[in-house]
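> Mind having a look at this structure? Questions to follow.
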Amino acid sequence: MTKYKLEYIWLDGYTPVPNLRSKTKIAAYEAFPTLEQLPMWGFDGSSTQQAEGRDSDCMLKPVAVFPDGARRNGALVMCEVMMPDGVTPHPSNTRATVLDDPGAWFGFEQEYFLYQDGRPLGFPADGYPAPQGRYYCGVGHAAVGDLARQIVEEHLDLCLEGGINHEGINAEVAKGQWEFQIFGKGSKRAADEVWVARYLLMRLCEKYGIDVEFHCKPVRGDWNGSGMHCNFSTEAMRSKGGKAYFEALMAAFHEHMEEHIAVYGPDNHLRLTGLHETQSIDKFTYGIADRGSSIRIPHSFVNAGHKGYLEDRRPNSQGDPYQIASRVLRTISQVPLP
Ligand code: ADP
Ligand code: MN
Ligand code: MN
Ligand code: MN
């Protein structure tokens, strides 16, 4: 038997953006534990805005497990928060609201800033670095600085060791801004992985004295904000599709525009301005290869006869991928199948 360090990770009850919380449980197994072997656990919900002090127990239900490359015999255990009965989801448990759809595929493009001393990594103490232009997918010290790539690479390795399905990483348009993409099949998988990848990044940055800034518009002015584009497809979109179904989907997205924005991350009006590759927050548009629209239709989608995936560009970097996936699937489910 080996003693494993199980890091139980959950989302707290803060609004509008939950924080990641975690604590370690030691348990012995013959081999790396499967999800079924991981017990429920509890925590003090009065310290996380999830319970009153008088009746403070909340339960942690493991829902996904990943090897923890930063720890000997470590596992990262993503959890849902449950009421004391262990079966009723806690009101803060947004994962429990996601419609079960094994045929739904999601790809999230998580953008974020690395921050040091209260400003983006690489910004001078006073004023600004050179304006945007050379940073996106840039190379060389002037473009990316020295520490950022080291962190991004270490983070990538940790995610890959954990079995998180990264599809790529890139330096973004603003100095100190980066992106990783995660793709998953099944309505919850990619969202689970986004939260665990955020956790790994924040934990990794502790030792560098660097913070991860997920706010969607941390630097005002002519600097890009951070999004979390949500690429999505369902079985029907991929296999049957068609122009009529596509247009019905877009009509439903238009109709529910406000409900979508409500869960696409806070302060999105600062980012969705119509500039910096966004559509303004009070408009809903879609267009082929159009990065200034709410939903971008890839060329491949049209070429395949309106089949494949679409990119909702509105979700922001601080959004909760469970709520985003949940809303997207809810809207799609209101449209009759093709
Ligand atoms: P861009 O920056 O041009 O918008 P990226 O390459 O950063 O594009 O992201 C595209 C995303 O689309 C990737 O996360 C990818 O996994 C996702 N994706 C590709 N095919 C599908 C599909 N069929 N369903 C859902 N997502 C998809
Ligand atoms: Mn991208
Ligand atoms: Mn991007
Ligand atoms: Mn994109």
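We name chains A, B, ... following the order of the structure tokens; residues begin at 1 in each chain, and ligands are numbered from 1 as shown.
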For segment 154-157 of chain A, list every protein, DNA or RNA residue within 7 Å, evaluated using only C-alpha atoms, and leave out those in the same chain fewer than 4 positions away; present the list as a list in words.
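Final neighbour list, sorted by chain and number: Gln150, Glu161, Leu200 and Leu201 of chain A.
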> Let's have the selection written as a PDB file, in the first residue's frame, with N, CA and C atoms.

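As written to disk, part.pdb reads:
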ATOM      1  N   GLN A 150       8.824  30.506 -18.690  1.00  0.00           N
ATOM      2  CA  GLN A 150       9.155  29.428 -17.749  1.00  0.00           C
ATOM      3  C   GLN A 150       7.899  28.945 -17.003  1.00  0.00           C
ATOM      4  N   GLU A 161       0.933  16.124 -17.518  1.00  0.00           N
ATOM      5  CA  GLU A 161       1.170  15.006 -16.590  1.00  0.00           C
ATOM      6  C   GLU A 161      -0.112  14.595 -15.891  1.00  0.00           C
ATOM      7  N   LEU A 200      -3.871  24.617 -10.919  1.00  0.00           N
ATOM      8  CA  LEU A 200      -2.436  24.315 -11.074  1.00  0.00           C
ATOM      9  C   LEU A 200      -1.635  25.578 -11.367  1.00  0.00           C
ATOM     10  N   LEU A 201      -2.190  26.456 -12.181  1.00  0.00           N
ATOM     11  CA  LEU A 201      -1.483  27.694 -12.521  1.00  0.00           C
ATOM     12  C   LEU A 201      -1.322  28.583 -11.288  1.00  0.00           C
TER      13      LEU A 201
END
> Once DSSP has gone over the backbone, tell me which residues of segment 106-322 of chain A are in alpha helix (DSSP H), as a ChimeraX atom specification.
/A:141-144,147-161,189-206,235-239,243-255,257-262,268-271,299-303,321-322
> Which residues sit within 7 Å of ligand 4, counting only C-alpha atoms and all ligand atoms, listed as a ChimeraX atom specification?
/A:109,229,311,313
> Would you output that residue set with N, CA, C and O atoms, as an mmCIF file, in the first residue's frame?

data_model
loop_
_atom_site.group_PDB
_atom_site.id
_atom_site.type_symbol
_atom_site.label_atom_id
_atom_site.label_comp_id
_atom_site.auth_asym_id
_atom_site.auth_seq_id
_atom_site.Cartn_x
_atom_site.Cartn_y
_atom_site.Cartn_z
ATOM 1 N N GLU A 109 -10.935 28.489 -24.480
ATOM 2 C CA GLU A 109 -9.659 29.198 -24.668
ATOM 3 C C GLU A 109 -9.485 30.148 -23.494
ATOM 4 O O GLU A 109 -10.034 31.245 -23.503
ATOM 5 N N HIS A 229 -13.158 32.172 -24.814
ATOM 6 C CA HIS A 229 -14.020 31.746 -25.922
ATOM 7 C C HIS A 229 -14.473 30.315 -25.673
ATOM 8 O O HIS A 229 -13.683 29.467 -25.261
ATOM 9 N N GLU A 311 -18.038 29.062 -32.291
ATOM 10 C CA GLU A 311 -17.267 29.710 -31.228
ATOM 11 C C GLU A 311 -18.052 30.882 -30.648
ATOM 12 O O GLU A 311 -18.266 31.884 -31.338
ATOM 13 N N ARG A 313 -17.765 33.919 -28.563
ATOM 14 C CA ARG A 313 -16.603 34.727 -28.162
ATOM 15 C C ARG A 313 -16.882 35.593 -26.935
ATOM 16 O O ARG A 313 -16.007 36.308 -26.467
#
> Could you give me, as a VMD selection string, every polymer residue with an atom at most 12 Å away from an atom of ligand 2, counting only C-alpha atoms and all ligand atoms?
chain A and resid 107 to 112 136 to 137 166 to 173 178 to 183 226 to 231 277 291 311 to 313
> Considering only C-alpha atoms, return as a VMD selection string whatever protein or nucleic-acid residues lie within 8 Å of segment 6-23 of chain A, sequence-local ones (same chain, fewer than 4 positions apart) excluded.
chain A and resid 27 48 to 50 60 62 74 to 81 92 to 93 199 265 to 266 318 to 320
